[in-house]
Amino acid sequence: MKQFFALVRGRSHDAAEAVVDRNALVILRQQVRDCAEAIAAARRAVAIAIAQNDQEVAQFKKLVARIDDLEQRTMAALEQGRNDLAREAAETIALLEAERDASDEAQKTFGAEIERLKRIVRASEMRLRELQRGQRIVAAVDTTQRLRESAPGSSLSALKDAEETLLRLRTRQKQIDAAAAAMAEMEQSGDPAAVSEKLAAAGCGMPLRSSADAVLERLASKIARPA
């Protein structure tokens, strides 16, 4: 029974591996999309953290301004002998200073964390771009491999068949052109006018048609002839 269960598990594992291998490119595309979405979410999180830190900085500046204002007013109260108001202001200043120090510490922690997150996002973006380049390469390789592996020789034989068809068409066209030329030659061989034109073109006898040189020569002789 142990061997039987081991056999079942082994076959299941092999079947799962085969499915993964057949669909590896689809799985890779989805994994790359998942990575891109995760990095986009991380960028948004960093942007939110930066915005929150900016708010903390603005709050810190407000605390510093309020403390400065209260210190000035507390010193004025002391100068006027209003120790009761001075003590109340001093207690408020102490609370604001504690809040200011906490804000300053939060900014330091927040700033360091933001920088760390930025480095992680930048490194992740570089790895994502490398993944996308690799995906494009393996997709191209997969396409060429499928061209070779799908129905062995079918793609190459199709190319060969197309080349043979093209050769037959060109041969047939040449035969048709040769036959037409032969027919024209035979038609002219039995035509006295065609024979005369061929002889005249070869310089045998007077030309059948006036040439441009002959026309110019005739006109020039008329001009030179006395009236």
# chains A, B, ... in the order shown; residues from 1 in each chain; ligands from 1
call {"tool": "residues_around", "arguments": {"residues": "A:Ile120", "least_positions_apart": "5", "cutoff": "12 Å", "atoms": "only C-alpha atoms", "output": "list of chain:residue names"}}
result
A:Ile39, A:Ala42, A:Arg43, A:Val46, A:Glu113, A:Ile114, A:Glu115, A:Glu125, A:Met126, A:Arg127
call {"tool": "residues_around", "arguments": {"residues": "A:Leu96", "least_positions_apart": "2", "cutoff": "12 Å", "atoms": "only C-alpha atoms", "output": "list in words"}}
result
Gln59, Phe60, Lys61, Lys62, Leu63, Val64, Ala65, Arg66, Ile67, Asp68, Asp69, Leu70, Glu71, Ala89, Ala90, Glu91, Thr92, Ile93, Ala94, Ala98, Glu99, Arg100, Asp101, Ala102 and Ser103 of chain A
call {"tool": "closest_residue", "arguments": {"among": "A:Ile223, A:Leu85, A:Cys204, A:Val121", "to": "A:Ala40", "atoms": "only C-alpha atoms"}}
result
A:Val121
call {"tool": "residues_around", "arguments": {"residues": "stretch 30-35 of chain A", "least_positions_apart": "5", "cutoff": "10 Å", "atoms": "only C-alpha atoms", "output": "list in words"}}
result
Ala24, Leu25, Ala40, Ala41, Ser124, Glu125, Arg127, Leu128, Arg129, Leu131, Gln132 and Gln135 of chain A
call {"tool": "write_last_selection", "arguments": {"atoms": "N, CA and C atoms", "output": "mmCIF file, in the first residue's frame"}}
result
data_model
loop_
_atom_site.group_PDB
_atom_site.id
_atom_site.type_symbol
_atom_site.label_atom_id
_atom_site.label_comp_id
_atom_site.auth_asym_id
_atom_site.auth_seq_id
_atom_site.Cartn_x
_atom_site.Cartn_y
_atom_site.Cartn_z
ATOM 1 N N ALA A 24 4.239 27.314 -18.797
ATOM 2 C CA ALA A 24 5.212 28.146 -18.071
ATOM 3 C C ALA A 24 5.167 29.594 -18.527
ATOM 4 N N LEU A 25 4.997 29.816 -19.834
ATOM 5 C CA LEU A 25 4.981 31.193 -20.333
ATOM 6 C C LEU A 25 3.755 31.948 -19.833
ATOM 7 N N ALA A 40 3.481 48.790 -8.021
ATOM 8 C CA ALA A 40 2.639 49.987 -8.119
ATOM 9 C C ALA A 40 2.000 50.299 -6.762
ATOM 10 N N ALA A 41 1.539 49.265 -6.056
ATOM 11 C CA ALA A 41 0.962 49.462 -4.722
ATOM 12 C C ALA A 41 2.016 49.990 -3.751
ATOM 13 N N SER A 124 13.207 46.924 -6.705
ATOM 14 C CA SER A 124 12.139 46.073 -7.254
ATOM 15 C C SER A 124 11.808 46.466 -8.689
ATOM 16 N N GLU A 125 11.804 47.768 -8.978
ATOM 17 C CA GLU A 125 11.535 48.223 -10.349
ATOM 18 C C GLU A 125 12.612 47.744 -11.312
ATOM 19 N N ARG A 127 14.431 45.018 -10.933
ATOM 20 C CA ARG A 127 14.215 43.575 -11.110
ATOM 21 C C ARG A 127 13.013 43.319 -12.009
ATOM 22 N N LEU A 128 11.974 44.146 -11.908
ATOM 23 C CA LEU A 128 10.793 43.973 -12.763
ATOM 24 C C LEU A 128 11.151 44.218 -14.227
ATOM 25 N N ARG A 129 11.921 45.277 -14.501
ATOM 26 C CA ARG A 129 12.330 45.543 -15.880
ATOM 27 C C ARG A 129 13.154 44.387 -16.440
ATOM 28 N N LEU A 131 12.895 41.277 -15.473
ATOM 29 C CA LEU A 131 11.924 40.205 -15.707
ATOM 30 C C LEU A 131 11.173 40.411 -17.019
ATOM 31 N N GLN A 132 10.755 41.638 -17.279
ATOM 32 C CA GLN A 132 10.012 41.926 -18.509
ATOM 33 C C GLN A 132 10.871 41.695 -19.736
ATOM 34 N N GLN A 135 11.082 38.019 -20.120
ATOM 35 C CA GLN A 135 9.812 37.492 -20.622
ATOM 36 C C GLN A 135 9.715 37.641 -22.128
#
call {"tool": "decode", "arguments": {"residues": "stretch 29-55 of chain A", "atoms": "N, CA, C and O atoms", "output": "PDB file, in the first residue's frame"}}
result
ATOM      1  N   ARG A  29       3.876  35.261 -17.438  1.00  0.00           N
ATOM      2  CA  ARG A  29       3.204  36.533 -17.739  1.00  0.00           C
ATOM      3  C   ARG A  29       2.358  36.993 -16.554  1.00  0.00           C
ATOM      4  O   ARG A  29       2.351  38.179 -16.205  1.00  0.00           O
ATOM      5  N   GLN A  30       1.626  36.046 -15.941  1.00  0.00           N
ATOM      6  CA  GLN A  30       0.792  36.417 -14.800  1.00  0.00           C
ATOM      7  C   GLN A  30       1.641  36.835 -13.605  1.00  0.00           C
ATOM      8  O   GLN A  30       1.310  37.792 -12.893  1.00  0.00           O
ATOM      9  N   GLN A  31       2.749  36.127 -13.383  1.00  0.00           N
ATOM     10  CA  GLN A  31       3.636  36.495 -12.272  1.00  0.00           C
ATOM     11  C   GLN A  31       4.226  37.886 -12.480  1.00  0.00           C
ATOM     12  O   GLN A  31       4.349  38.664 -11.521  1.00  0.00           O
ATOM     13  N   VAL A  32       4.589  38.199 -13.711  1.00  0.00           N
ATOM     14  CA  VAL A  32       5.126  39.543 -14.002  1.00  0.00           C
ATOM     15  C   VAL A  32       4.055  40.598 -13.755  1.00  0.00           C
ATOM     16  O   VAL A  32       4.329  41.669 -13.205  1.00  0.00           O
ATOM     17  N   ARG A  33       2.804  40.301 -14.171  1.00  0.00           N
ATOM     18  CA  ARG A  33       1.713  41.251 -13.900  1.00  0.00           C
ATOM     19  C   ARG A  33       1.510  41.431 -12.394  1.00  0.00           C
ATOM     20  O   ARG A  33       1.302  42.560 -11.920  1.00  0.00           O
ATOM     21  N   ASP A  34       1.577  40.332 -11.653  1.00  0.00           N
ATOM     22  CA  ASP A  34       1.420  40.419 -10.193  1.00  0.00           C
ATOM     23  C   ASP A  34       2.526  41.279  -9.591  1.00  0.00           C
ATOM     24  O   ASP A  34       2.271  42.106  -8.694  1.00  0.00           O
ATOM     25  N   CYS A  35       3.763  41.083 -10.079  1.00  0.00           N
ATOM     26  CA  CYS A  35       4.885  41.881  -9.567  1.00  0.00           C
ATOM     27  C   CYS A  35       4.690  43.364  -9.882  1.00  0.00           C
ATOM     28  O   CYS A  35       4.950  44.224  -9.032  1.00  0.00           O
ATOM     29  N   ALA A  36       4.230  43.647 -11.097  1.00  0.00           N
ATOM     30  CA  ALA A  36       4.015  45.045 -11.481  1.00  0.00           C
ATOM     31  C   ALA A  36       2.946  45.687 -10.596  1.00  0.00           C
ATOM     32  O   ALA A  36       3.087  46.844 -10.171  1.00  0.00           O
ATOM     33  N   GLU A  37       1.875  44.944 -10.325  1.00  0.00           N
ATOM     34  CA  GLU A  37       0.814  45.489  -9.466  1.00  0.00           C
ATOM     35  C   GLU A  37       1.324  45.707  -8.048  1.00  0.00           C
ATOM     36  O   GLU A  37       0.997  46.715  -7.404  1.00  0.00           O
ATOM     37  N   ALA A  38       2.139  44.767  -7.534  1.00  0.00           N
ATOM     38  CA  ALA A  38       2.681  44.914  -6.179  1.00  0.00           C
ATOM     39  C   ALA A  38       3.601  46.125  -6.082  1.00  0.00           C
ATOM     40  O   ALA A  38       3.553  46.888  -5.105  1.00  0.00           O
ATOM     41  N   ILE A  39       4.421  46.335  -7.113  1.00  0.00           N
ATOM     42  CA  ILE A  39       5.326  47.489  -7.103  1.00  0.00           C
ATOM     43  C   ILE A  39       4.539  48.788  -7.204  1.00  0.00           C
ATOM     44  O   ILE A  39       4.866  49.786  -6.541  1.00  0.00           O
ATOM     45  N   ALA A  40       3.481  48.790  -8.021  1.00  0.00           N
ATOM     46  CA  ALA A  40       2.639  49.987  -8.119  1.00  0.00           C
ATOM     47  C   ALA A  40       2.000  50.299  -6.762  1.00  0.00           C
ATOM     48  O   ALA A  40       1.928  51.463  -6.346  1.00  0.00           O
ATOM     49  N   ALA A  41       1.539  49.265  -6.056  1.00  0.00           N
ATOM     50  CA  ALA A  41       0.962  49.462  -4.722  1.00  0.00           C
ATOM     51  C   ALA A  41       2.016  49.990  -3.751  1.00  0.00           C
ATOM     52  O   ALA A  41       1.732  50.855  -2.909  1.00  0.00           O
ATOM     53  N   ALA A  42       3.248  49.471  -3.868  1.00  0.00           N
ATOM     54  CA  ALA A  42       4.329  49.942  -2.996  1.00  0.00           C
ATOM     55  C   ALA A  42       4.646  51.414  -3.269  1.00  0.00           C
ATOM     56  O   ALA A  42       4.887  52.190  -2.337  1.00  0.00           O
ATOM     57  N   ARG A  43       4.635  51.799  -4.562  1.00  0.00           N
ATOM     58  CA  ARG A  43       4.875  53.213  -4.894  1.00  0.00           C
ATOM     59  C   ARG A  43       3.808  54.102  -4.279  1.00  0.00           C
ATOM     60  O   ARG A  43       4.098  55.188  -3.766  1.00  0.00           O
ATOM     61  N   ARG A  44       2.545  53.648  -4.368  1.00  0.00           N
ATOM     62  CA  ARG A  44       1.456  54.441  -3.762  1.00  0.00           C
ATOM     63  C   ARG A  44       1.639  54.550  -2.250  1.00  0.00           C
ATOM     64  O   ARG A  44       1.396  55.622  -1.658  1.00  0.00           O
ATOM     65  N   ALA A  45       2.066  53.456  -1.624  1.00  0.00           N
ATOM     66  CA  ALA A  45       2.280  53.472  -0.169  1.00  0.00           C
ATOM     67  C   ALA A  45       3.391  54.449   0.201  1.00  0.00           C
ATOM     68  O   ALA A  45       3.279  55.196   1.191  1.00  0.00           O
ATOM     69  N   VAL A  46       4.461  54.468  -0.569  1.00  0.00           N
ATOM     70  CA  VAL A  46       5.560  55.415  -0.304  1.00  0.00           C
ATOM     71  C   VAL A  46       5.086  56.853  -0.488  1.00  0.00           C
ATOM     72  O   VAL A  46       5.433  57.746   0.303  1.00  0.00           O
ATOM     73  N   ALA A  47       4.278  57.086  -1.532  1.00  0.00           N
ATOM     74  CA  ALA A  47       3.752  58.436  -1.760  1.00  0.00           C
ATOM     75  C   ALA A  47       2.889  58.889  -0.589  1.00  0.00           C
ATOM     76  O   ALA A  47       2.958  60.049  -0.150  1.00  0.00           O
ATOM     77  N   ILE A  48       2.060  57.972  -0.065  1.00  0.00           N
ATOM     78  CA  ILE A  48       1.219  58.310   1.093  1.00  0.00           C
ATOM     79  C   ILE A  48       2.088  58.605   2.306  1.00  0.00           C
ATOM     80  O   ILE A  48       1.833  59.552   3.071  1.00  0.00           O
ATOM     81  N   ALA A  49       3.142  57.780   2.494  1.00  0.00           N
ATOM     82  CA  ALA A  49       4.037  58.001   3.638  1.00  0.00           C
ATOM     83  C   ALA A  49       4.735  59.353   3.538  1.00  0.00           C
ATOM     84  O   ALA A  49       4.884  60.071   4.542  1.00  0.00           O
ATOM     85  N   ILE A  50       5.144  59.731   2.332  1.00  0.00           N
ATOM     86  CA  ILE A  50       5.795  61.037   2.139  1.00  0.00           C
ATOM     87  C   ILE A  50       4.815  62.168   2.454  1.00  0.00           C
ATOM     88  O   ILE A  50       5.177  63.160   3.110  1.00  0.00           O
ATOM     89  N   ALA A  51       3.561  62.017   1.993  1.00  0.00           N
ATOM     90  CA  ALA A  51       2.552  63.045   2.269  1.00  0.00           C
ATOM     91  C   ALA A  51       2.296  63.165   3.771  1.00  0.00           C
ATOM     92  O   ALA A  51       2.178  64.279   4.311  1.00  0.00           O
ATOM     93  N   GLN A  52       2.233  62.034   4.470  1.00  0.00           N
ATOM     94  CA  GLN A  52       2.025  62.072   5.915  1.00  0.00           C
ATOM     95  C   GLN A  52       3.211  62.708   6.640  1.00  0.00           C
ATOM     96  O   GLN A  52       3.035  63.456   7.617  1.00  0.00           O
ATOM     97  N   ASN A  53       4.410  62.416   6.153  1.00  0.00           N
ATOM     98  CA  ASN A  53       5.589  63.015   6.759  1.00  0.00           C
ATOM     99  C   ASN A  53       5.606  64.525   6.541  1.00  0.00           C
ATOM    100  O   ASN A  53       6.008  65.297   7.427  1.00  0.00           O
ATOM    101  N   ASP A  54       5.167  64.960   5.341  1.00  0.00           N
ATOM    102  CA  ASP A  54       5.070  66.404   5.088  1.00  0.00           C
ATOM    103  C   ASP A  54       4.088  67.059   6.053  1.00  0.00           C
ATOM    104  O   ASP A  54       4.325  68.183   6.529  1.00  0.00           O
ATOM    105  N   GLN A  55       3.000  66.381   6.328  1.00  0.00           N
ATOM    106  CA  GLN A  55       2.034  66.902   7.300  1.00  0.00           C
ATOM    107  C   GLN A  55       2.661  66.997   8.690  1.00  0.00           C
ATOM    108  O   GLN A  55       2.433  67.958   9.435  1.00  0.00           O
TER     109      GLN A  55
END
